[in-house]
>>> print(open('query_4.txt').read())   # compact mmCIF, C-alpha atoms (C1' of nucleotides)
# COMPACT_ATOMS: atom_id res chain seq x y z
CA MET A 876 -77.69 -73.67 11.04
CA PRO A 877 -77.21 -77.38 11.77
CA ARG A 878 -76.83 -79.88 8.96
CA ALA A 879 -79.53 -82.36 8.19
CA GLY A 880 -77.01 -85.13 7.65
CA LEU A 881 -78.59 -86.62 4.56
CA ASP A 882 -77.03 -88.89 2.04
CA THR A 883 -78.26 -90.54 -1.12
CA ALA A 884 -79.52 -93.66 0.64
CA ALA A 885 -81.52 -91.64 3.15
CA VAL A 886 -83.13 -89.55 0.42
CA VAL A 887 -84.02 -92.63 -1.61
CA ALA A 888 -85.40 -94.41 1.44
CA ALA A 889 -87.57 -91.44 2.33
CA GLY A 890 -88.73 -91.23 -1.28
CA ALA A 891 -89.67 -94.88 -1.21
CA ASP A 892 -91.65 -94.43 2.00
CA LEU A 893 -93.38 -91.45 0.51
CA ALA A 894 -94.28 -93.41 -2.61
CA ASP A 895 -95.83 -96.10 -0.44
CA GLU A 896 -97.94 -93.49 1.29
CA VAL A 897 -99.14 -91.38 -1.59
CA GLY A 898 -98.85 -93.80 -4.51
CA ALA A 899 -96.31 -94.54 -7.18
CA GLY A 900 -95.30 -91.56 -9.25
CA ARG A 901 -97.15 -89.12 -7.02
CA PRO A 902 -94.43 -87.88 -4.70
CA THR A 903 -92.92 -84.55 -5.61
CA MET A 904 -89.51 -83.19 -4.83
CA ALA A 905 -91.20 -80.57 -2.70
CA MET A 906 -93.01 -83.15 -0.57
CA LEU A 907 -89.87 -85.16 -0.13
CA ALA A 908 -87.82 -82.13 0.83
CA GLU A 909 -90.36 -81.04 3.39
CA ARG A 910 -90.43 -84.49 4.92
CA LEU A 911 -86.66 -84.45 5.22
CA GLY A 912 -86.66 -80.99 6.78
CA VAL A 913 -84.73 -79.48 3.94
CA ARG A 914 -85.32 -77.11 1.03
CA THR A 915 -86.08 -78.61 -2.34
CA PRO A 916 -82.83 -77.73 -4.14
CA SER A 917 -80.82 -79.44 -1.43
CA LEU A 918 -82.07 -82.79 -2.67
CA TYR A 919 -80.04 -82.29 -5.81
CA LYS A 920 -76.89 -82.73 -3.79
CA HIS A 921 -77.88 -86.37 -3.34
CA VAL A 922 -79.87 -87.35 -6.40
CA ALA A 923 -79.60 -86.06 -9.92
CA GLY A 924 -83.29 -85.27 -10.27
CA GLN A 925 -86.70 -86.84 -10.20
CA GLU A 926 -85.93 -89.37 -12.87
CA ASP A 927 -82.83 -90.48 -11.04
CA LEU A 928 -84.71 -90.65 -7.77
CA ASN A 929 -87.36 -92.86 -9.28
CA ARG A 930 -84.82 -95.19 -10.80
CA ARG A 931 -83.17 -95.54 -7.43
CA ILE A 932 -86.46 -96.18 -5.69
CA ALA A 933 -87.31 -98.82 -8.27
CA ALA A 934 -83.93 -100.47 -7.87
CA LEU A 935 -84.37 -100.48 -4.11
CA ALA A 936 -87.80 -102.05 -4.45
CA MET A 937 -86.51 -104.78 -6.73
CA SER A 938 -83.63 -105.50 -4.46
CA GLU A 939 -85.84 -105.66 -1.39
CA ALA A 940 -88.38 -107.84 -3.16
CA GLY A 941 -85.59 -110.15 -4.26
CA GLU A 942 -84.31 -110.38 -0.75
CA ALA A 943 -87.76 -111.16 0.60
CA VAL A 944 -88.28 -113.91 -1.94
CA GLY A 945 -84.78 -115.26 -1.42
CA THR A 946 -85.21 -115.47 2.32
CA ALA A 947 -88.59 -117.12 1.99
CA VAL A 948 -87.22 -119.81 -0.28
CA GLN A 949 -84.29 -120.74 1.95
CA GLY A 950 -84.39 -124.36 2.96
CA ARG A 951 -87.49 -125.20 1.01
CA ALA A 952 -88.07 -127.07 -2.20
CA GLY A 953 -90.81 -128.05 -4.62
CA ARG A 954 -94.29 -126.86 -3.91
CA ASP A 955 -93.24 -125.52 -0.56
CA ALA A 956 -90.66 -123.28 -2.10
CA LEU A 957 -93.02 -122.12 -4.83
CA ALA A 958 -95.70 -121.19 -2.32
CA ALA A 959 -93.26 -119.41 -0.06
CA ALA A 960 -91.80 -117.43 -2.94
CA ALA A 961 -95.21 -116.44 -4.24
CA ARG A 962 -96.48 -115.36 -0.86
CA ALA A 963 -93.35 -113.44 -0.04
CA PHE A 964 -93.50 -111.56 -3.30
CA ARG A 965 -97.16 -110.74 -2.97
CA THR A 966 -96.74 -109.64 0.61
CA TYR A 967 -93.89 -107.38 -0.34
CA VAL A 968 -95.86 -105.71 -3.10
CA VAL A 969 -98.98 -105.28 -1.01
CA ASP A 970 -96.97 -103.80 1.84
CA HIS A 971 -94.99 -101.50 -0.46
CA PRO A 972 -97.26 -100.68 -3.35
CA GLY A 973 -95.72 -97.32 -4.10
CA ARG A 974 -92.10 -98.32 -4.38
CA TYR A 975 -92.95 -101.47 -6.27
CA GLY A 976 -95.24 -99.51 -8.56
CA THR A 977 -92.33 -97.26 -9.35
CA THR A 978 -90.67 -100.15 -11.15
CA ILE A 979 -93.54 -100.53 -13.58
CA GLY A 980 -92.82 -99.44 -17.09
CA MET A 981 -89.24 -98.55 -16.27
CA GLU A 982 -86.67 -99.82 -18.75
CA PRO A 983 -83.31 -100.90 -17.40
CA ALA A 984 -80.73 -98.70 -19.09
CA GLY A 985 -78.32 -101.58 -19.52
CA PRO A 986 -76.98 -104.61 -17.65
CA GLU A 987 -75.11 -102.30 -15.29
CA ASP A 988 -78.25 -100.50 -14.24
CA PRO A 989 -78.95 -101.19 -10.55
CA LEU A 990 -82.51 -101.79 -11.62
CA ALA A 991 -81.39 -104.69 -13.76
CA ALA A 992 -79.32 -105.97 -10.87
CA GLY A 993 -82.40 -105.79 -8.66
CA SER A 994 -84.40 -107.74 -11.21
CA ARG A 995 -81.78 -110.43 -11.15
CA ARG A 996 -82.08 -110.61 -7.39
CA VAL A 997 -85.74 -111.46 -7.84
CA LEU A 998 -85.15 -113.91 -10.64
CA GLU A 999 -82.43 -115.84 -8.87
CA PRO A 1000 -84.58 -117.37 -6.13
CA LEU A 1001 -87.36 -118.00 -8.63
CA LEU A 1002 -84.91 -119.95 -10.72
CA ALA A 1003 -83.92 -121.88 -7.62
CA VAL A 1004 -87.58 -122.75 -7.12
CA LEU A 1005 -87.83 -124.02 -10.67
CA ARG A 1006 -84.77 -126.20 -10.19
CA GLY A 1007 -86.87 -128.10 -7.69
CA TYR A 1008 -89.04 -129.32 -10.53
CA ASP A 1009 -87.97 -131.61 -13.33
CA LEU A 1010 -87.99 -129.26 -16.27
CA PRO A 1011 -86.11 -129.63 -19.52
CA GLU A 1012 -83.42 -127.00 -19.49
CA THR A 1013 -84.88 -125.18 -22.47
CA ASP A 1014 -88.10 -124.67 -20.55
CA GLU A 1015 -86.46 -122.96 -17.62
CA THR A 1016 -86.41 -119.50 -19.12
CA HIS A 1017 -89.98 -119.84 -20.29
CA ALA A 1018 -91.14 -121.00 -16.89
CA LEU A 1019 -89.21 -118.21 -15.23
CA ARG A 1020 -90.90 -115.64 -17.41
CA MET A 1021 -94.22 -117.22 -16.66
CA LEU A 1022 -93.68 -117.03 -12.93
CA ARG A 1023 -92.49 -113.46 -13.07
CA SER A 1024 -95.41 -112.43 -15.28
CA LEU A 1025 -97.93 -114.14 -13.08
CA PHE A 1026 -96.64 -112.80 -9.79
CA HIS A 1027 -96.12 -109.34 -11.18
CA GLY A 1028 -99.51 -109.24 -12.85
CA PHE A 1029 -101.39 -110.54 -9.87
CA ALA A 1030 -99.75 -108.23 -7.40
CA THR A 1031 -100.09 -105.22 -9.63
CA LEU A 1032 -103.75 -105.81 -10.34
CA GLU A 1033 -104.50 -106.51 -6.73
CA SER A 1034 -102.79 -103.43 -5.40
CA ALA A 1035 -104.65 -101.30 -7.95
CA GLY A 1036 -107.99 -102.70 -6.85
CA GLY A 1037 -108.35 -104.40 -10.20
CA PHE A 1038 -110.16 -107.50 -9.04
CA GLN A 1039 -113.79 -106.69 -9.01
CA TRP A 1040 -115.93 -109.43 -7.61
CA SER A 1041 -116.22 -110.31 -4.04
CA THR A 1042 -114.57 -113.69 -4.38
CA ASP A 1043 -111.77 -113.81 -1.86
CA ILE A 1044 -108.46 -112.76 -3.31
CA ASP A 1045 -106.41 -114.87 -0.90
CA GLU A 1046 -108.30 -117.88 -2.10
CA SER A 1047 -107.57 -117.06 -5.73
CA PHE A 1048 -103.92 -116.68 -4.87
CA GLU A 1049 -103.69 -120.07 -3.23
CA TRP A 1050 -105.55 -121.59 -6.15
CA LEU A 1051 -103.03 -120.00 -8.46
CA ILE A 1052 -100.07 -121.44 -6.57
CA ASP A 1053 -101.67 -124.82 -6.84
CA PHE A 1054 -102.30 -124.39 -10.52
CA VAL A 1055 -98.69 -123.54 -11.22
CA ASP A 1056 -97.36 -126.31 -9.04
CA ARG A 1057 -99.46 -128.91 -10.81
CA GLY A 1058 -98.43 -127.56 -14.18
CA LEU A 1059 -94.75 -127.64 -13.34
CA ARG A 1060 -94.91 -131.15 -11.95
CA SER A 1061 -96.63 -132.50 -15.02
CA GLY A 1062 -94.30 -130.63 -17.37
CA MET B 557 -111.07 -67.82 -37.19
CA PRO B 558 -112.22 -71.28 -38.21
CA ARG B 559 -113.23 -73.81 -35.60
CA ALA B 560 -111.15 -76.88 -34.99
CA GLY B 561 -114.24 -79.04 -34.66
CA LEU B 562 -113.06 -81.08 -31.71
CA ASP B 563 -115.13 -83.14 -29.37
CA THR B 564 -114.35 -85.28 -26.37
CA ALA B 565 -113.82 -88.44 -28.38
CA ALA B 566 -111.35 -86.74 -30.72
CA VAL B 567 -109.36 -85.31 -27.83
CA VAL B 568 -109.23 -88.67 -26.06
CA ALA B 569 -108.23 -90.46 -29.25
CA ALA B 570 -105.43 -88.01 -29.89
CA GLY B 571 -104.32 -88.36 -26.28
CA ALA B 572 -104.24 -92.12 -26.67
CA ASP B 573 -102.15 -91.86 -29.83
CA LEU B 574 -99.81 -89.49 -28.09
CA ALA B 575 -99.44 -91.86 -25.15
CA ASP B 576 -98.51 -94.64 -27.53
CA GLU B 577 -95.82 -92.47 -29.03
CA VAL B 578 -94.22 -90.92 -25.98
CA GLY B 579 -95.10 -93.44 -23.28
CA ALA B 580 -97.81 -93.81 -20.68
CA GLY B 581 -98.17 -90.88 -18.36
CA ARG B 582 -95.78 -88.73 -20.35
CA PRO B 583 -98.10 -86.71 -22.57
CA THR B 584 -98.81 -83.21 -21.36
CA MET B 585 -101.81 -81.05 -22.03
CA ALA B 586 -99.51 -78.72 -23.94
CA MET B 587 -98.29 -81.45 -26.29
CA LEU B 588 -101.80 -82.66 -26.90
CA ALA B 589 -103.08 -79.17 -27.62
CA GLU B 590 -100.30 -78.48 -30.07
CA ARG B 591 -100.97 -81.71 -31.88
CA LEU B 592 -104.63 -80.79 -32.19
CA GLY B 593 -103.81 -77.32 -33.46
CA VAL B 594 -105.41 -75.63 -30.49
CA ARG B 595 -104.34 -73.71 -27.40
CA THR B 596 -104.02 -75.61 -24.15
CA PRO B 597 -107.01 -74.15 -22.30
CA SER B 598 -109.31 -75.14 -25.14
CA LEU B 599 -108.88 -78.78 -24.18
CA TYR B 600 -110.78 -78.08 -20.99
CA LYS B 601 -113.94 -77.59 -23.03
CA HIS B 602 -113.84 -81.30 -23.82
CA VAL B 603 -112.07 -82.90 -20.89
CA ALA B 604 -112.15 -81.96 -17.22
CA GLY B 605 -108.39 -82.08 -16.79
CA GLN B 606 -105.43 -84.38 -17.00
CA GLU B 607 -106.81 -86.88 -14.56
CA ASP B 608 -110.06 -87.09 -16.47
CA LEU B 609 -108.20 -87.42 -19.76
CA ASN B 610 -106.14 -90.31 -18.43
CA ARG B 611 -109.19 -92.10 -17.11
CA ARG B 612 -110.81 -91.78 -20.50
CA ILE B 613 -107.71 -93.01 -22.30
CA ALA B 614 -107.54 -95.97 -19.95
CA ALA B 615 -111.21 -96.77 -20.48
CA LEU B 616 -110.71 -96.57 -24.23
CA ALA B 617 -107.74 -98.91 -24.04
CA MET B 618 -109.65 -101.45 -21.99
CA SER B 619 -112.60 -101.30 -24.31
CA GLU B 620 -110.42 -101.71 -27.38
CA ALA B 621 -108.47 -104.55 -25.81
CA GLY B 622 -111.73 -106.24 -24.90
CA GLU B 623 -112.99 -105.88 -28.42
CA ALA B 624 -109.76 -107.31 -29.84
CA VAL B 625 -109.93 -110.31 -27.56
CA GLY B 626 -113.64 -110.78 -28.17
CA THR B 627 -113.22 -110.76 -31.92
CA ALA B 628 -110.31 -113.17 -31.73
CA VAL B 629 -112.29 -115.66 -29.71
CA GLN B 630 -115.32 -115.69 -32.01
CA GLY B 631 -116.04 -119.15 -33.32
CA ARG B 632 -113.23 -120.84 -31.46
CA ALA B 633 -113.15 -123.07 -28.41
CA GLY B 634 -110.71 -124.81 -26.12
CA ARG B 635 -107.04 -124.41 -26.74
CA ASP B 636 -107.73 -122.60 -29.97
CA ALA B 637 -109.75 -119.97 -28.21
CA LEU B 638 -107.22 -119.61 -25.43
CA ALA B 639 -104.37 -119.10 -27.86
CA ALA B 640 -106.32 -116.63 -29.95
CA ALA B 641 -107.31 -114.62 -26.88
CA ALA B 642 -103.80 -114.56 -25.53
CA ARG B 643 -102.25 -113.49 -28.81
CA ALA B 644 -104.87 -110.85 -29.44
CA PHE B 645 -104.33 -109.35 -26.03
CA ARG B 646 -100.58 -109.36 -26.31
CA THR B 647 -100.69 -107.88 -29.78
CA TYR B 648 -102.96 -105.13 -28.61
CA VAL B 649 -100.70 -104.18 -25.73
CA VAL B 650 -97.53 -104.31 -27.80
CA ASP B 651 -99.12 -102.16 -30.49
CA HIS B 652 -100.57 -99.67 -28.01
CA PRO B 653 -98.22 -99.66 -25.05
CA GLY B 654 -98.96 -96.11 -24.01
CA ARG B 655 -102.70 -96.29 -23.81
CA TYR B 656 -102.62 -99.68 -22.19
CA GLY B 657 -99.99 -98.50 -19.76
CA THR B 658 -102.32 -95.71 -18.77
CA THR B 659 -104.63 -98.29 -17.21
CA ILE B 660 -101.94 -99.51 -14.83
CA GLY B 661 -102.47 -98.56 -11.24
CA MET B 662 -105.75 -96.82 -11.96
CA GLU B 663 -108.57 -97.70 -9.60
CA PRO B 664 -112.09 -97.84 -11.02
CA ALA B 665 -114.12 -95.25 -9.15
CA GLY B 666 -117.14 -97.54 -8.96
CA PRO B 667 -119.08 -100.02 -11.06
CA GLU B 668 -120.35 -97.17 -13.23
CA ASP B 669 -116.86 -96.05 -14.13
CA PRO B 670 -116.26 -96.56 -17.87
CA LEU B 671 -112.95 -98.05 -16.86
CA ALA B 672 -114.73 -100.79 -14.95
CA ALA B 673 -116.99 -101.34 -17.94
CA GLY B 674 -113.92 -101.66 -20.13
CA SER B 675 -112.45 -104.22 -17.77
CA ARG B 676 -115.60 -106.25 -18.05
CA ARG B 677 -115.29 -106.16 -21.82
CA VAL B 678 -111.93 -107.85 -21.45
CA LEU B 679 -113.09 -110.35 -18.87
CA GLU B 680 -116.16 -111.44 -20.78
CA PRO B 681 -114.36 -113.18 -23.65
CA LEU B 682 -111.83 -114.63 -21.23
CA LEU B 683 -114.68 -116.14 -19.29
CA ALA B 684 -116.04 -117.54 -22.53
CA VAL B 685 -112.68 -119.17 -23.13
CA LEU B 686 -112.77 -120.76 -19.70
CA ARG B 687 -116.23 -122.14 -20.34
CA GLY B 688 -114.60 -124.26 -23.02
CA TYR B 689 -112.79 -126.15 -20.30
CA ASP B 690 -114.40 -128.36 -17.69
CA LEU B 691 -113.85 -126.34 -14.59
CA PRO B 692 -115.80 -126.54 -11.36
CA GLU B 693 -117.83 -123.38 -11.13
CA THR B 694 -116.03 -122.21 -8.01
CA ASP B 695 -112.76 -122.28 -9.92
CA GLU B 696 -113.93 -120.00 -12.68
CA THR B 697 -113.21 -116.78 -10.90
CA HIS B 698 -109.82 -118.01 -9.78
CA ALA B 699 -108.93 -119.10 -13.29
CA LEU B 700 -110.13 -115.82 -14.68
CA ARG B 701 -107.94 -113.89 -12.31
CA MET B 702 -105.05 -116.13 -13.21
CA LEU B 703 -105.50 -115.49 -16.91
CA ARG B 704 -105.83 -111.78 -16.44
CA SER B 705 -102.78 -111.62 -14.19
CA LEU B 706 -100.70 -113.67 -16.54
CA PHE B 707 -101.61 -111.80 -19.69
CA HIS B 708 -101.36 -108.45 -18.01
CA GLY B 709 -98.05 -109.26 -16.38
CA PHE B 710 -96.48 -110.70 -19.47
CA ALA B 711 -97.53 -107.89 -21.73
CA THR B 712 -96.54 -105.23 -19.25
CA LEU B 713 -93.11 -106.69 -18.63
CA GLU B 714 -92.51 -107.24 -22.30
CA SER B 715 -93.46 -103.75 -23.34
CA ALA B 716 -91.20 -102.32 -20.63
CA GLY B 717 -88.25 -104.34 -21.87
CA GLY B 718 -88.33 -106.37 -18.69
CA PHE B 719 -87.26 -109.69 -20.13
CA GLN B 720 -83.54 -109.72 -20.13
CA TRP B 721 -82.05 -112.75 -21.79
CA SER B 722 -81.94 -113.35 -25.43
CA THR B 723 -84.32 -116.28 -25.37
CA ASP B 724 -87.05 -115.56 -27.85
CA ILE B 725 -90.05 -113.90 -26.28
CA ASP B 726 -92.50 -115.27 -28.83
CA GLU B 727 -91.36 -118.73 -27.91
CA SER B 728 -91.92 -118.07 -24.22
CA PHE B 729 -95.38 -116.80 -24.99
CA GLU B 730 -96.35 -119.89 -26.92
CA TRP B 731 -94.92 -122.05 -24.16
CA LEU B 732 -97.03 -120.12 -21.70
CA ILE B 733 -100.21 -120.69 -23.68
CA ASP B 734 -99.43 -124.35 -23.72
CA PHE B 735 -98.76 -124.39 -20.01
CA VAL B 736 -102.09 -122.80 -19.21
CA ASP B 737 -103.98 -125.00 -21.61
CA ARG B 738 -102.56 -128.15 -20.07
CA GLY B 739 -103.30 -126.90 -16.60
CA LEU B 740 -106.88 -126.05 -17.41
CA ARG B 741 -107.52 -129.39 -19.09
CA SER B 742 -106.19 -131.35 -16.17
CA GLY B 743 -108.09 -129.18 -13.67
C1' DC C 436 -133.55 -64.13 -43.92
C1' DA C 437 -132.55 -62.00 -39.22
C1' DC C 438 -131.18 -62.90 -34.65
C1' DG C 439 -130.19 -64.73 -30.03
C1' DG C 440 -128.08 -68.15 -27.42
C1' DC C 441 -124.92 -71.80 -26.90
C1' DT C 442 -120.55 -73.60 -27.85
C1' DG C 443 -115.82 -73.82 -28.69
C1' DG C 444 -112.24 -71.27 -29.35
C1' DC C 445 -108.93 -67.47 -27.43
C1' DT C 446 -105.79 -64.43 -24.10
C1' DA C 447 -104.32 -63.41 -19.59
C1' DA C 448 -103.10 -64.69 -15.18
C1' DT C 449 -102.15 -67.71 -11.08
C1' DG C 450 -99.85 -71.18 -8.69
C1' DG C 451 -96.94 -75.00 -8.38
C1' DA C 452 -93.15 -78.13 -9.80
C1' DC C 453 -88.39 -79.09 -11.38
C1' DT C 454 -84.09 -77.47 -12.05
C1' DT C 455 -79.73 -74.52 -12.23
C1' DA C 456 -76.59 -71.00 -10.52
C1' DG C 457 -74.14 -69.14 -7.15
C1' DC C 458 -73.35 -68.14 -2.25
C1' DT C 459 -72.38 -69.60 2.65
C1' DT C 460 -71.48 -72.45 6.30
C1' DT C 461 -70.45 -76.62 8.43
C1' DT C 462 -67.33 -80.37 8.76
C1' DA C 463 -63.46 -83.42 8.14
C1' DG C 464 -58.67 -84.04 7.38
C1' DT C 465 -53.88 -82.37 7.84
C1' DA D 201 -55.73 -73.81 13.30
C1' DC D 202 -56.42 -73.97 8.14
C1' DT D 203 -58.17 -75.39 4.08
C1' DA D 204 -61.18 -77.61 0.89
C1' DA D 205 -64.98 -80.27 -0.18
C1' DA D 206 -69.62 -81.17 1.00
C1' DA D 207 -74.17 -79.80 2.17
C1' DG D 208 -77.12 -76.60 2.97
C1' DC D 209 -79.50 -72.05 1.40
C1' DT D 210 -81.82 -68.14 -1.65
C1' DA D 211 -82.93 -66.46 -6.10
C1' DA D 212 -84.38 -67.11 -10.51
C1' DG D 213 -85.94 -69.40 -14.91
C1' DT D 214 -88.86 -72.50 -17.34
C1' DC D 215 -92.64 -75.26 -18.10
C1' DC D 216 -97.11 -77.08 -16.95
C1' DA D 217 -102.00 -77.32 -15.40
C1' DT D 218 -105.74 -74.84 -14.45
C1' DT D 219 -109.24 -70.93 -13.97
C1' DA D 220 -111.49 -66.63 -15.39
C1' DG D 221 -113.38 -64.05 -18.60
C1' DC D 222 -113.93 -62.56 -23.43
C1' DC D 223 -115.36 -63.15 -28.40
C1' DA D 224 -116.71 -65.24 -32.64
C1' DG D 225 -118.89 -68.79 -35.18
C1' DC D 226 -122.82 -71.97 -35.59
C1' DC D 227 -127.83 -73.50 -34.95
C1' DG D 228 -132.39 -73.23 -34.54
C1' DT D 229 -136.49 -70.29 -34.24
C1' DG D 230 -139.51 -66.56 -35.82
>>> encode(input="query_4.txt", output="structure tokens")
Amino acid sequence: MPRAGLDTAAVVAAGADLADEVGAGRPTMAMLAERLGVRTPSLYKHVAGQEDLNRRIAALAMSEAGEAVGTAVQGRAGRDALAAAARAFRTYVVDHPGRYGTTIGMEPAGPEDPLAAGSRRVLEPLLAVLRGYDLPETDETHALRMLRSLFHGFATLESAGGFQWSTDIDESFEWLIDFVDRGLRSG
Amino acid sequence: MPRAGLDTAAVVAAGADLADEVGAGRPTMAMLAERLGVRTPSLYKHVAGQEDLNRRIAALAMSEAGEAVGTAVQGRAGRDALAAAARAFRTYVVDHPGRYGTTIGMEPAGPEDPLAAGSRRVLEPLLAVLRGYDLPETDETHALRMLRSLFHGFATLESAGGFQWSTDIDESFEWLIDFVDRGLRSG
DNA sequence: CACGGCTGGCTAATGGACTTAGCTTTTAGT
DNA sequence: ACTAAAAGCTAAGTCCATTAGCCAGCCGTG
């Protein structure tokens, strides 16, 4: 009987793919095992259980989202950087709704939690974007929270089909970038 | 054997309470039945299943949130109305994290879905707030989506413990209201 | 007041999911 | 080649959601 050659990263990656296909929170250990060509209990050699798997998927999603935003921001500043960051984040979430959705409602268990580290990877480039505007230092945290809330909220609502009218969503998104840019410049 | 005297509304209300206590998506039919002093299968006389229960909880949450925001906005205009709406929404979500969390990622099944009706109850007063600003009509939908995204994102992140530094969250929230108000006035 | 039907409860049973325990075989290092 | 850890497996336990089918309490009619 040949070995499947799995490791934790492979299991988590497959779980993340599965979440993107069937929706956040929907994948079961059984589905994942079948996809990996392995029996369900074998998964427990690589992850501690469903809870652990989900935490790892969420951390992966955060880290990937952070990388996408970071890359998009490289070499840009001001409105350009803001728009690039926003679009990169939205694109990531729309392309990976399941794994990103796994992050929702999950509390980091402490500053050492990989999930918290992933969050920081997202926040870092956003902070860099804000540095391109002339904000009083005390406002930086507030603005950062605003950006995160706005991007997170928009992407989450969009990927859940939460915007009802026919008005073009892309258009709303560009409007939103403009709105934030103007607000930050006049701050 | 005396009757428990349940009906659909009572079951949904108890489910919503339970969600607030143990977290969105966590309540089981078994827990709910025990709390209602009834055996699990009896719940199916009032609710079609777990999926149906969650949809009803979500619809209830939306409707309640809409009512809270609507009441808060009554008799106010401009910045006042915006601030009242924002605070009412945030307060509702913080006080009822489980039932509000149940709405996340749930797609309305059509315009007749009570969940969609609940969403409209939230959007209505927000639209009224926007009417207090001088926006071009084409911007109204965009602004509405922005408000919804921002409030939803902020409240969701907050109630999941997603804001990491020690900077006061209330302060960020007030800053955010101010930011939006300024942006809408200069629109 | 009797009574018949609906309604809301119950028990029993099925199927599926997560998880643990314990065994076996591959594989990597000496 | 030999050993030991790692990675698979089967078997089994628990819990949950759901369906089927039964029975008793309530309501309205005669």
>>> interface_residues(input="query_4.txt", of="chain D", to="chain B", cutoff="9 Å", atoms="only C-alpha atoms (C1' of nucleotides)", output="VMD selection string")
chain D and resid 216 to 218 224 to 225
>>> closest_residue(input="query_4.txt", among="A:Pro1000, A:Gly941, A:Gly890, A:Gly900", to="chain B", atoms="all atoms listed in the file")
A:Gly900
>>> atom_distance(input="query_4.txt", atom1="CA of Ala933 in chain A", atom2="CA of Gly950 in chain A")
28.1 Å
>>> atom_distance(input="query_4.txt", atom1="CA of Gly661 in chain B", atom2="CA of Asn929 in chain A")
16.3 Å
>>> closest_atom_pairs(input="query_4.txt", of="chain C", to="chain A", cutoff="12 Å", atoms="all atoms listed in the file", output="JSON lines")
{"residue": "C:DG451", "atom": "C1'", "partner": "A:Ala905", "partner_atom": "CA", "distance": 9.8}
{"residue": "C:DA452", "atom": "C1'", "partner": "A:Thr903", "partner_atom": "CA", "distance": 7.7}
{"residue": "C:DC453", "atom": "C1'", "partner": "A:Met904", "partner_atom": "CA", "distance": 7.8}
{"residue": "C:DT454", "atom": "C1'", "partner": "A:Pro916", "partner_atom": "CA", "distance": 8.0}
{"residue": "C:DT455", "atom": "C1'", "partner": "A:Pro916", "partner_atom": "CA", "distance": 9.2}
{"residue": "C:DA456", "atom": "C1'", "partner": "A:Pro916", "partner_atom": "CA", "distance": 11.2}
{"residue": "C:DT459", "atom": "C1'", "partner": "A:Met876", "partner_atom": "CA", "distance": 10.7}
{"residue": "C:DT460", "atom": "C1'", "partner": "A:Met876", "partner_atom": "CA", "distance": 7.9}
{"residue": "C:DT461", "atom": "C1'", "partner": "A:Arg878", "partner_atom": "CA", "distance": 7.2}
{"residue": "C:DT462", "atom": "C1'", "partner": "A:Arg878", "partner_atom": "CA", "distance": 9.5}
>>> axis_aligned_box(input="query_4.txt", around="range 210-225 of chain D", padding_each_side="4 Å", output="lines of an AutoDock Vina configuration file")
center_x = -100.4
center_y = -69.9
center_z = -18.4
size_x = 45.1
size_y = 22.8
size_z = 41.5
>>> interface_residues(input="query_4.txt", of="chain B", to="chain A", cutoff="6 Å", atoms="only C-alpha atoms", output="PDB file with C-alpha atoms, in the coordinates of the input")
ATOM      1  CA  GLY B 661    -102.470 -98.560 -11.240  1.00  0.00           C
ATOM      2  CA  GLU B 663    -108.570 -97.700  -9.600  1.00  0.00           C
ATOM      3  CA  HIS B 698    -109.820-118.010  -9.780  1.00  0.00           C
ATOM      4  CA  SER B 705    -102.780-111.620 -14.190  1.00  0.00           C
ATOM      5  CA  LEU B 706    -100.700-113.670 -16.540  1.00  0.00           C
ATOM      6  CA  HIS B 708    -101.360-108.450 -18.010  1.00  0.00           C
ATOM      7  CA  GLY B 709     -98.050-109.260 -16.380  1.00  0.00           C
ATOM      8  CA  PHE B 710     -96.480-110.700 -19.470  1.00  0.00           C
ATOM      9  CA  ALA B 716     -91.200-102.320 -20.630  1.00  0.00           C
ATOM     10  CA  GLY B 717     -88.250-104.340 -21.870  1.00  0.00           C
ATOM     11  CA  SER B 728     -91.920-118.070 -24.220  1.00  0.00           C
ATOM     12  CA  GLY B 739    -103.300-126.900 -16.600  1.00  0.00           C
TER      13      GLY B 739
END
>>> atom_distance(input="query_4.txt", atom1="CA of Val625 in chain B", atom2="CA of Leu682 in chain B")
7.9 Å
